[in-house]
Structure formats: structure tokens, C-alpha cells
$ cat entry.pdb   # PDB, C-alpha atoms, pLDDT in the B column
ATOM      1  CA  MET A1379      11.913  18.105 -35.700  1.00 50.00           C
ATOM      2  CA  GLN A1380      14.878  20.187 -34.670  1.00 61.00           C
ATOM      3  CA  PHE A1381      17.237  19.561 -31.796  1.00 69.00           C
ATOM      4  CA  ASN A1382      15.654  20.727 -28.565  1.00 85.00           C
ATOM      5  CA  LYS A1383      17.471  20.891 -25.218  1.00 92.00           C
ATOM      6  CA  ARG A1384      14.095  20.418 -23.498  1.00 92.00           C
ATOM      7  CA  ILE A1385      13.927  16.905 -24.942  1.00 94.00           C
ATOM      8  CA  LEU A1386      17.362  16.126 -23.494  1.00 94.00           C
ATOM      9  CA  PHE A1387      16.207  17.476 -20.140  1.00 93.00           C
ATOM     10  CA  LEU A1388      13.090  15.264 -20.316  1.00 95.00           C
ATOM     11  CA  ILE A1389      15.289  12.252 -21.071  1.00 95.00           C
ATOM     12  CA  GLN A1390      17.554  13.192 -18.151  1.00 95.00           C
ATOM     13  CA  GLN A1391      14.576  13.391 -15.779  1.00 94.00           C
ATOM     14  CA  ALA A1392      13.368   9.977 -16.926  1.00 95.00           C
ATOM     15  CA  GLY A1393      16.897   8.683 -16.361  1.00 95.00           C
ATOM     16  CA  SER A1394      16.965  10.114 -12.849  1.00 95.00           C
ATOM     17  CA  LEU A1395      14.062   7.802 -12.010  1.00 95.00           C
ATOM     18  CA  LEU A1396      16.411   4.853 -12.584  1.00 95.00           C
ATOM     19  CA  GLN A1397      18.194   5.990  -9.423  1.00 94.00           C
ATOM     20  CA  THR A1398      15.118   7.072  -7.437  1.00 92.00           C
ATOM     21  CA  PRO A1399      14.103   4.445  -4.899  1.00 90.00           C
ATOM     22  CA  ARG A1400      10.387   4.269  -4.258  1.00 92.00           C
ATOM     23  CA  SER A1401       9.559   5.884  -0.953  1.00 89.00           C
ATOM     24  CA  HIS A1402       7.538   2.899   0.253  1.00 88.00           C
ATOM     25  CA  VAL A1403      10.850   1.479   1.476  1.00 87.00           C
ATOM     26  CA  ARG A1404      10.326   3.769   4.480  1.00 85.00           C
ATOM     27  CA  SER A1405       7.185   1.867   5.468  1.00 84.00           C
ATOM     28  CA  LEU A1406       8.083  -1.569   4.131  1.00 88.00           C
ATOM     29  CA  GLY A1407      11.592  -1.672   5.578  1.00 87.00           C
ATOM     30  CA  THR A1408      13.060  -3.142   2.402  1.00 89.00           C
ATOM     31  CA  ALA A1409      12.375  -2.752  -1.302  1.00 89.00           C
ATOM     32  CA  PHE A1410      14.039  -3.654  -4.574  1.00 91.00           C
ATOM     33  CA  ASP A1411      12.450  -1.219  -6.977  1.00 94.00           C
ATOM     34  CA  THR A1412      12.975   2.273  -8.313  1.00 94.00           C
ATOM     35  CA  VAL A1413      10.382   4.612  -9.787  1.00 95.00           C
ATOM     36  CA  ALA A1414      11.628   3.651 -13.265  1.00 96.00           C
ATOM     37  CA  SER A1415      11.482  -0.108 -12.665  1.00 97.00           C
ATOM     38  CA  HIS A1416       7.987   0.267 -11.213  1.00 97.00           C
ATOM     39  CA  SER A1417       6.829   2.200 -14.295  1.00 98.00           C
ATOM     40  CA  ASN A1418       8.345  -0.404 -16.605  1.00 98.00           C
ATOM     41  CA  HIS A1419       6.603  -3.229 -14.756  1.00 98.00           C
ATOM     42  CA  ALA A1420       3.300  -1.333 -14.699  1.00 98.00           C
ATOM     43  CA  SER A1421       3.624  -0.771 -18.469  1.00 98.00           C
ATOM     44  CA  ILE A1422       3.815  -4.487 -19.231  1.00 98.00           C
ATOM     45  CA  ILE A1423       0.938  -5.206 -16.861  1.00 98.00           C
ATOM     46  CA  ALA A1424      -1.157  -2.409 -18.436  1.00 98.00           C
ATOM     47  CA  TYR A1425      -0.765  -3.912 -21.886  1.00 98.00           C
ATOM     48  CA  CYS A1426      -1.707  -7.377 -20.616  1.00 98.00           C
ATOM     49  CA  ILE A1427      -4.760  -6.120 -18.710  1.00 98.00           C
ATOM     50  CA  ALA A1428      -5.909  -4.092 -21.719  1.00 98.00           C
ATOM     51  CA  ARG A1429      -5.715  -7.128 -24.000  1.00 98.00           C
ATOM     52  CA  MET A1430      -7.516  -9.256 -21.393  1.00 98.00           C
ATOM     53  CA  GLU A1431     -10.229  -6.575 -21.413  1.00 98.00           C
ATOM     54  CA  LYS A1432     -10.541  -7.180 -25.179  1.00 98.00           C
ATOM     55  CA  ILE A1433      -8.951  -3.849 -26.106  1.00 98.00           C
ATOM     56  CA  LYS A1434      -7.233  -3.858 -29.492  1.00 98.00           C
ATOM     57  CA  HIS A1435      -3.451  -3.710 -29.755  1.00 98.00           C
ATOM     58  CA  GLU A1436      -3.236   0.004 -30.653  1.00 98.00           C
ATOM     59  CA  GLU A1437      -5.320   1.070 -27.662  1.00 98.00           C
ATOM     60  CA  ALA A1438      -3.473  -1.396 -25.414  1.00 98.00           C
ATOM     61  CA  MET A1439      -0.248   0.311 -26.486  1.00 98.00           C
ATOM     62  CA  LYS A1440      -1.809   3.566 -25.292  1.00 98.00           C
ATOM     63  CA  ALA A1441      -2.407   1.963 -21.869  1.00 98.00           C
ATOM     64  CA  LEU A1442       1.213   0.804 -21.886  1.00 98.00           C
ATOM     65  CA  THR A1443       2.380   4.343 -22.685  1.00 98.00           C
ATOM     66  CA  MET A1444       0.214   5.817 -19.936  1.00 98.00           C
ATOM     67  CA  ALA A1445       1.785   3.451 -17.434  1.00 98.00           C
ATOM     68  CA  ALA A1446       5.290   4.193 -18.740  1.00 98.00           C
ATOM     69  CA  PHE A1447       4.773   7.936 -18.206  1.00 98.00           C
ATOM     70  CA  HIS A1448       2.451   7.893 -15.161  1.00 97.00           C
ATOM     71  CA  ASP A1449       5.213   8.647 -12.616  1.00 96.00           C
ATOM     72  CA  LEU A1450       7.492  10.770 -14.814  1.00 96.00           C
ATOM     73  CA  ALA A1451       6.521  13.908 -12.864  1.00 94.00           C
ATOM     74  CA  GLU A1452       8.238  12.323  -9.857  1.00 92.00           C
ATOM     75  CA  GLY A1453      11.479  13.335 -11.536  1.00 90.00           C
ATOM     76  CA  ARG A1454      10.489  16.801 -10.295  1.00 90.00           C
ATOM     77  CA  THR A1455       8.173  16.180  -7.336  1.00 88.00           C
ATOM     78  CA  GLY A1456       9.831  13.145  -5.782  1.00 81.00           C
ATOM     79  CA  ASP A1457       7.985   9.947  -4.913  1.00 83.00           C
ATOM     80  CA  LEU A1458       5.385  10.177  -2.160  1.00 79.00           C
ATOM     81  CA  ASP A1459       4.284   6.916  -0.578  1.00 76.00           C
ATOM     82  CA  PHE A1460       0.702   6.181   0.423  1.00 70.00           C
ATOM     83  CA  VAL A1461       1.175   7.556   3.930  1.00 76.00           C
ATOM     84  CA  SER A1462       2.919  10.759   2.805  1.00 78.00           C
ATOM     85  CA  LYS A1463       0.211  11.507   0.230  1.00 74.00           C
ATOM     86  CA  ASN A1464      -2.223  12.023   3.106  1.00 77.00           C
ATOM     87  CA  TYR A1465      -0.159  14.909   4.476  1.00 85.00           C
ATOM     88  CA  THR A1466       1.746  16.377   1.560  1.00 81.00           C
ATOM     89  CA  LYS A1467       0.483  18.006  -1.604  1.00 80.00           C
ATOM     90  CA  ASP A1468       2.652  17.865  -4.687  1.00 80.00           C
ATOM     91  CA  ASP A1469       1.944  19.855  -7.827  1.00 88.00           C
ATOM     92  CA  GLU A1470       2.003  17.064 -10.384  1.00 89.00           C
ATOM     93  CA  LYS A1471      -0.014  19.069 -12.926  1.00 92.00           C
ATOM     94  CA  ARG A1472       2.568  21.856 -12.882  1.00 94.00           C
ATOM     95  CA  ALA A1473       5.429  19.366 -13.070  1.00 92.00           C
ATOM     96  CA  ILE A1474       3.847  17.732 -16.132  1.00 94.00           C
ATOM     97  CA  LYS A1475       3.320  21.097 -17.838  1.00 95.00           C
ATOM     98  CA  ASP A1476       6.898  22.140 -17.097  1.00 94.00           C
ATOM     99  CA  GLN A1477       8.356  18.815 -18.265  1.00 94.00           C
ATOM    100  CA  PHE A1478       6.655  18.990 -21.657  1.00 96.00           C
ATOM    101  CA  ARG A1479       6.841  22.771 -22.236  1.00 94.00           C
ATOM    102  CA  ASP A1480       8.418  23.756 -25.561  1.00 94.00           C
ATOM    103  CA  ILE A1481       8.524  20.179 -26.831  1.00 95.00           C
ATOM    104  CA  ASP A1482       6.653  19.618 -30.109  1.00 94.00           C
ATOM    105  CA  PHE A1483       5.024  16.423 -28.871  1.00 96.00           C
ATOM    106  CA  GLY A1484       4.558  17.728 -25.312  1.00 96.00           C
ATOM    107  CA  PRO A1485       0.829  18.455 -25.741  1.00 97.00           C
ATOM    108  CA  ASP A1486       0.273  14.834 -26.831  1.00 98.00           C
ATOM    109  CA  LEU A1487       1.903  13.551 -23.638  1.00 98.00           C
ATOM    110  CA  GLU A1488       0.047  16.077 -21.465  1.00 97.00           C
ATOM    111  CA  LYS A1489      -3.242  14.917 -22.983  1.00 98.00           C
ATOM    112  CA  LEU A1490      -2.292  11.283 -22.398  1.00 98.00           C
ATOM    113  CA  LEU A1491      -1.500  11.896 -18.716  1.00 98.00           C
ATOM    114  CA  GLU A1492      -4.648  13.975 -18.292  1.00 97.00           C
ATOM    115  CA  GLU A1493      -6.684  11.017 -19.557  1.00 98.00           C
ATOM    116  CA  TYR A1494      -4.767   8.703 -17.221  1.00 98.00           C
ATOM    117  CA  ASN A1495      -5.412  10.912 -14.194  1.00 96.00           C
ATOM    118  CA  LYS A1496      -9.132  11.335 -14.929  1.00 97.00           C
ATOM    119  CA  GLN A1497      -9.680   7.550 -14.997  1.00 96.00           C
ATOM    120  CA  GLU A1498     -12.732   7.881 -17.254  1.00 98.00           C
ATOM    121  CA  THR A1499     -11.712   5.557 -20.098  1.00 98.00           C
ATOM    122  CA  LEU A1500     -11.213   1.813 -20.012  1.00 98.00           C
ATOM    123  CA  THR A1501      -7.703   2.354 -21.353  1.00 98.00           C
ATOM    124  CA  SER A1502      -6.751   4.674 -18.477  1.00 98.00           C
ATOM    125  CA  ARG A1503      -8.370   2.327 -16.006  1.00 98.00           C
ATOM    126  CA  CYS A1504      -6.281  -0.556 -17.299  1.00 98.00           C
ATOM    127  CA  ALA A1505      -3.168   1.567 -16.749  1.00 98.00           C
ATOM    128  CA  LYS A1506      -4.281   2.547 -13.227  1.00 98.00           C
ATOM    129  CA  ASP A1507      -5.012  -1.054 -12.292  1.00 98.00           C
ATOM    130  CA  ALA A1508      -1.576  -1.970 -13.627  1.00 98.00           C
ATOM    131  CA  ASP A1509       0.005   0.654 -11.357  1.00 97.00           C
ATOM    132  CA  SER A1510      -1.803  -0.849  -8.366  1.00 96.00           C
ATOM    133  CA  LEU A1511      -1.063  -4.430  -9.387  1.00 97.00           C
ATOM    134  CA  ALA A1512       2.648  -3.646  -9.755  1.00 97.00           C
ATOM    135  CA  GLN A1513       2.593  -2.435  -6.136  1.00 95.00           C
ATOM    136  CA  VAL A1514       0.739  -5.558  -4.968  1.00 96.00           C
ATOM    137  CA  TYR A1515       3.261  -7.727  -6.816  1.00 97.00           C
ATOM    138  CA  HIS A1516       6.164  -5.914  -5.136  1.00 96.00           C
ATOM    139  CA  GLU A1517       4.594  -6.520  -1.721  1.00 96.00           C
ATOM    140  CA  TRP A1518       4.027 -10.183  -2.592  1.00 97.00           C
ATOM    141  CA  VAL A1519       7.700 -10.661  -3.527  1.00 97.00           C
ATOM    142  CA  LEU A1520       8.810  -8.988  -0.298  1.00 96.00           C
ATOM    143  CA  THR A1521       6.364 -11.184   1.638  1.00 97.00           C
ATOM    144  CA  TRP A1522       7.791 -14.263  -0.057  1.00 97.00           C
ATOM    145  CA  ARG A1523      11.244 -13.068   1.054  1.00 96.00           C
ATOM    146  CA  GLY A1524      10.030 -12.956   4.672  1.00 96.00           C
ATOM    147  CA  ASN A1525       9.192  -9.249   5.101  1.00 96.00           C
ATOM    148  CA  LYS A1526       6.415  -9.150   7.725  1.00 96.00           C
ATOM    149  CA  LEU A1527       5.615  -5.464   7.086  1.00 94.00           C
ATOM    150  CA  ALA A1528       5.111  -6.173   3.384  1.00 95.00           C
ATOM    151  CA  GLN A1529       2.921  -9.138   4.306  1.00 96.00           C
ATOM    152  CA  GLN A1530       0.638  -6.821   6.300  1.00 95.00           C
ATOM    153  CA  TRP A1531       0.420  -4.411   3.355  1.00 93.00           C
ATOM    154  CA  PHE A1532      -0.153  -7.285   0.915  1.00 95.00           C
ATOM    155  CA  GLU A1533      -2.937  -8.793   3.010  1.00 96.00           C
ATOM    156  CA  GLY A1534      -4.446  -5.354   3.558  1.00 94.00           C
ATOM    157  CA  ASP A1535      -4.549  -4.780  -0.197  1.00 94.00           C
ATOM    158  CA  PHE A1536      -7.291  -7.380  -0.520  1.00 93.00           C
ATOM    159  CA  ILE A1537      -9.472  -5.119   1.632  1.00 94.00           C
ATOM    160  CA  ALA A1538      -8.255  -1.625   0.723  1.00 91.00           C
ATOM    161  CA  ARG A1539      -7.107  -1.910  -2.910  1.00 91.00           C
ATOM    162  CA  VAL A1540      -8.214  -4.960  -4.882  1.00 93.00           C
ATOM    163  CA  PRO A1541     -11.981  -4.382  -4.480  1.00 93.00           C
ATOM    164  CA  TYR A1542     -11.539  -0.970  -6.086  1.00 94.00           C
ATOM    165  CA  PHE A1543      -9.785  -2.127  -9.242  1.00 97.00           C
ATOM    166  CA  TYR A1544     -11.553  -0.801 -12.314  1.00 97.00           C
ATOM    167  CA  THR A1545     -11.239  -3.862 -14.541  1.00 97.00           C
ATOM    168  CA  GLU A1546     -12.553  -7.379 -14.270  1.00 94.00           C
ATOM    169  CA  SER A1547      -9.299  -8.857 -15.551  1.00 92.00           C
TER     170      SER A1547
END
$ encode --input "entry.pdb" --output "C-alpha cells"
Amino acid sequence: MQFNKRILFLIQQAGSLLQTPRSHVRSLGTAFDTVASHSNHASIIAYCIARMEKIKHEEAMKALTMAAFHDLAEGRTGDLDFVSKNYTKDDEKRAIKDQFRDIDFGPDLEKLLEEYNKQETLTSRCAKDADSLAQVYHEWVLTWRGNKLAQQWFEGDFIARVPYFYTES
């Protein structure tokens, strides 16, 4: 594989997520995560859920990779919280296509994110549940630290989010 500036640009966009606070801070009042830290946490959770669902290591690594890349497009679109998503439409599909354009392995990553977004496979469902569980965990930590807004979100998750998880684990 030859040197490709597009790969450096992809790496730069991933790096920008290290400095991108998650927009839920607007509704929660406080937060301690970035888009990158959230994706890292979701990745570990995705692997664990996949193994708990009796998925073999190789496929569990695919769930981990889905979770690692699931918010990469936010390097271009920005992070929209749950409230904003009701009123704003981002073009994540276009961002994904643009991020991976002219990269030899780009089609592999596009296919991976397409599977993640369709939520039709157990592997993608493990990754999606991990994304949600990482959010619930963040709210729990903020609740433990005394954040009353986070406590409302956390308690509301047991009505609005947890019943809709895809996996038993």
C-alpha cells in the first residue's frame, strides 16, 4: 500500500474526536467524555457483550471495530445529542463516503458501518447495545457524582432505552 494523504486526513479526523466533547453536556450540565473516549468505551463493551452472546472471538472483534468507528463521521458532522437529533438532519452517509474515499481499505470500513447502521446482525446489535450502554454508564457516573439532571436521564433510560436493547446480555 502506498502513502496516501487521505489516510493521514482520516487519522487527523479521528484525532479531532479526542478534543470533541459530547454534546449531551448541554442537557446534562456536566460531562467527562469526548466522542473518542465514548467510542473507546463502547468498543470494549461491544466485545464483552458479543462474547456474552456466545459470539466467537473473530466476530466479537468485528463488533469492537464497529463500535470504534461508529461515531467517526462526527469528525465531519459534529456530535448531535438526543434532543438535537429530533430537529437536525446530518448527512452521516455522505460523511462516511467522503472519509473513506480513495483509501484502499475504505470500502471495507464503509461496509462495516453500513452493517452497523442497519442493525440486522447480532454482531451489529451487540455494537449498538454497547453504544447505548456506554451512555447509560456515563449517566450513572454523573448521577453518582450528584448530577440530578443525569439522574433523571439515567432513571428514564430504564423506560426509554433499556427495554429496546437488542441483546439478552
$ resolve_selection --input "entry.pdb" --expression "the PyMOL selection byres ((chain A and resi 1384) around 9)" --output "PyMOL selection string"
chain A and resi 1381-1383+1385-1389+1477-1481
$ residues_around --input "entry.pdb" --residues "Leu1500 of chain A" --least-positions-apart "2" --cutoff "10 Å" --atoms "all atoms listed in the file" --output "list of chain:residue names"
A:Ala1428, A:Glu1431, A:Ile1433, A:Glu1437, A:Ala1438, A:Ala1441, A:Tyr1494, A:Gln1497, A:Glu1498, A:Ser1502, A:Arg1503, A:Cys1504, A:Ala1505, A:Lys1506, A:Tyr1544, A:Thr1545
$ resolve_selection --input "entry.pdb" --expression "the PyMOL selection byres ((chain A and resi 1392-1397) around 12)" --output "mmCIF file with C-alpha atoms, in the frame of the given file"
data_model
loop_
_atom_site.group_PDB
_atom_site.id
_atom_site.type_symbol
_atom_site.label_atom_id
_atom_site.label_comp_id
_atom_site.auth_asym_id
_atom_site.auth_seq_id
_atom_site.Cartn_x
_atom_site.Cartn_y
_atom_site.Cartn_z
ATOM 1 C CA ILE A 1385 13.927 16.905 -24.942
ATOM 2 C CA LEU A 1386 17.362 16.126 -23.494
ATOM 3 C CA PHE A 1387 16.207 17.476 -20.140
ATOM 4 C CA LEU A 1388 13.090 15.264 -20.316
ATOM 5 C CA ILE A 1389 15.289 12.252 -21.071
ATOM 6 C CA GLN A 1390 17.554 13.192 -18.151
ATOM 7 C CA GLN A 1391 14.576 13.391 -15.779
ATOM 8 C CA THR A 1398 15.118 7.072 -7.437
ATOM 9 C CA PRO A 1399 14.103 4.445 -4.899
ATOM 10 C CA ARG A 1400 10.387 4.269 -4.258
ATOM 11 C CA PHE A 1410 14.039 -3.654 -4.574
ATOM 12 C CA ASP A 1411 12.450 -1.219 -6.977
ATOM 13 C CA THR A 1412 12.975 2.273 -8.313
ATOM 14 C CA VAL A 1413 10.382 4.612 -9.787
ATOM 15 C CA ALA A 1414 11.628 3.651 -13.265
ATOM 16 C CA SER A 1415 11.482 -0.108 -12.665
ATOM 17 C CA HIS A 1416 7.987 0.267 -11.213
ATOM 18 C CA SER A 1417 6.829 2.200 -14.295
ATOM 19 C CA ASN A 1418 8.345 -0.404 -16.605
ATOM 20 C CA ALA A 1446 5.290 4.193 -18.740
ATOM 21 C CA PHE A 1447 4.773 7.936 -18.206
ATOM 22 C CA HIS A 1448 2.451 7.893 -15.161
ATOM 23 C CA ASP A 1449 5.213 8.647 -12.616
ATOM 24 C CA LEU A 1450 7.492 10.770 -14.814
ATOM 25 C CA ALA A 1451 6.521 13.908 -12.864
ATOM 26 C CA GLU A 1452 8.238 12.323 -9.857
ATOM 27 C CA GLY A 1453 11.479 13.335 -11.536
ATOM 28 C CA ARG A 1454 10.489 16.801 -10.295
ATOM 29 C CA THR A 1455 8.173 16.180 -7.336
ATOM 30 C CA GLY A 1456 9.831 13.145 -5.782
ATOM 31 C CA ASP A 1457 7.985 9.947 -4.913
ATOM 32 C CA GLN A 1477 8.356 18.815 -18.265
#
$ closest_residue --input "entry.pdb" --among "A:Ser1401, A:Thr1443, A:Thr1408, A:Gln1529" --to "Ala1508 of chain A" --atoms "all atoms listed in the file"
A:Thr1443
$ atom_distance --input "entry.pdb" --atom1 "atom CA of Arg1539 of chain A" --atom2 "atom CA of Asn1464 of chain A"
15.9 Å
$ closest_residue --input "entry.pdb" --among "A:Ala1424, A:Thr1501, A:Thr1521, A:Val1514" --to "Phe1536 of chain A" --atoms "only C-alpha atoms"
A:Val1514
$ atom_distance --input "entry.pdb" --atom1 "atom CA of Val1403 of chain A" --atom2 "atom CA of Ala1528 of chain A"
9.8 Å
$ axis_aligned_box --input "entry.pdb" --around "segment 1386-1399 of chain A" --padding-each-side "5 Å" --output "AutoDock Vina command-line options"
--center_x 15.6 --center_y 11.0 --center_z -14.2 --size_x 15.1 --size_y 23.0 --size_z 28.6
$ closest_residue --input "entry.pdb" --among "A:Glu1546, A:Glu1492, A:Asp1507, A:Glu1517" --to "Ile1422 of chain A" --atoms "all atoms listed in the file"
A:Asp1507
$ closest_residue --input "entry.pdb" --among "A:Val1519, A:Ala1409, A:Leu1491, A:Cys1426" --to "Lys1475 of chain A" --atoms "all atoms listed in the file"
A:Leu1491
$ closest_residue --input "entry.pdb" --among "A:His1516, A:Pro1485, A:Met1444, A:Glu1470" --to "Trp1531 of chain A" --atoms "only C-alpha atoms"
A:His1516
$ atom_distance --input "entry.pdb" --atom1 "atom CA of His1419 of chain A" --atom2 "atom CA of Asn1525 of chain A"
20.9 Å
$ closest_residue --input "entry.pdb" --among "A:Met1439, A:Tyr1515, A:His1402, A:Ile1474" --to "Ser1462 of chain A" --atoms "only C-alpha atoms"
A:His1402
$ decode --input "entry.pdb" --residues "segment 1402-1445 of chain A" --atoms "C-alpha atoms" --output "PDB file, in the first residue's frame"
ATOM      1  CA  HIS A1402     -25.000  15.832  25.832  1.00  0.00           C
ATOM      2  CA  VAL A1403     -23.130  18.152  28.199  1.00  0.00           C
ATOM      3  CA  ARG A1404     -25.655  20.776  27.067  1.00  0.00           C
ATOM      4  CA  SER A1405     -28.516  18.763  28.559  1.00  0.00           C
ATOM      5  CA  LEU A1406     -26.672  17.056  31.401  1.00  0.00           C
ATOM      6  CA  GLY A1407     -24.910  20.167  32.679  1.00  0.00           C
ATOM      7  CA  THR A1408     -21.626  18.331  33.179  1.00  0.00           C
ATOM      8  CA  ALA A1409     -19.813  15.537  31.377  1.00  0.00           C
ATOM      9  CA  PHE A1410     -16.369  13.979  31.360  1.00  0.00           C
ATOM     10  CA  ASP A1411     -16.260  12.317  27.976  1.00  0.00           C
ATOM     11  CA  THR A1412     -15.314  13.103  24.406  1.00  0.00           C
ATOM     12  CA  VAL A1413     -16.557  11.416  21.247  1.00  0.00           C
ATOM     13  CA  ALA A1414     -13.295   9.437  21.131  1.00  0.00           C
ATOM     14  CA  SER A1415     -13.457   8.279  24.756  1.00  0.00           C
ATOM     15  CA  HIS A1416     -17.087   7.259  24.260  1.00  0.00           C
ATOM     16  CA  SER A1417     -16.169   5.203  21.177  1.00  0.00           C
ATOM     17  CA  ASN A1418     -13.304   3.541  23.031  1.00  0.00           C
ATOM     18  CA  HIS A1419     -15.567   2.616  25.939  1.00  0.00           C
ATOM     19  CA  ALA A1420     -18.291   1.361  23.593  1.00  0.00           C
ATOM     20  CA  SER A1421     -15.682  -0.788  21.804  1.00  0.00           C
ATOM     21  CA  ILE A1422     -14.719  -2.650  24.971  1.00  0.00           C
ATOM     22  CA  ILE A1423     -18.368  -3.093  25.920  1.00  0.00           C
ATOM     23  CA  ALA A1424     -19.207  -4.360  22.401  1.00  0.00           C
ATOM     24  CA  TYR A1425     -16.566  -7.060  22.628  1.00  0.00           C
ATOM     25  CA  CYS A1426     -17.791  -8.137  26.069  1.00  0.00           C
ATOM     26  CA  ILE A1427     -21.453  -8.229  25.012  1.00  0.00           C
ATOM     27  CA  ALA A1428     -20.584 -10.192  21.869  1.00  0.00           C
ATOM     28  CA  ARG A1429     -18.707 -12.821  23.876  1.00  0.00           C
ATOM     29  CA  MET A1430     -21.561 -12.991  26.404  1.00  0.00           C
ATOM     30  CA  GLU A1431     -23.856 -13.625  23.424  1.00  0.00           C
ATOM     31  CA  LYS A1432     -21.631 -16.623  22.583  1.00  0.00           C
ATOM     32  CA  ILE A1433     -20.119 -14.965  19.510  1.00  0.00           C
ATOM     33  CA  LYS A1434     -16.640 -16.216  18.646  1.00  0.00           C
ATOM     34  CA  HIS A1435     -13.599 -14.002  19.139  1.00  0.00           C
ATOM     35  CA  GLU A1436     -13.189 -13.022  15.463  1.00  0.00           C
ATOM     36  CA  GLU A1437     -16.788 -11.851  15.149  1.00  0.00           C
ATOM     37  CA  ALA A1438     -16.598 -10.148  18.556  1.00  0.00           C
ATOM     38  CA  MET A1439     -13.602  -8.218  17.230  1.00  0.00           C
ATOM     39  CA  LYS A1440     -15.846  -7.088  14.376  1.00  0.00           C
ATOM     40  CA  ALA A1441     -18.351  -5.754  16.943  1.00  0.00           C
ATOM     41  CA  LEU A1442     -15.475  -3.986  18.690  1.00  0.00           C
ATOM     42  CA  THR A1443     -14.386  -2.420  15.390  1.00  0.00           C
ATOM     43  CA  MET A1444     -17.929  -1.304  14.602  1.00  0.00           C
ATOM     44  CA  ALA A1445     -18.122   0.441  17.954  1.00  0.00           C
TER      45      ALA A1445
END
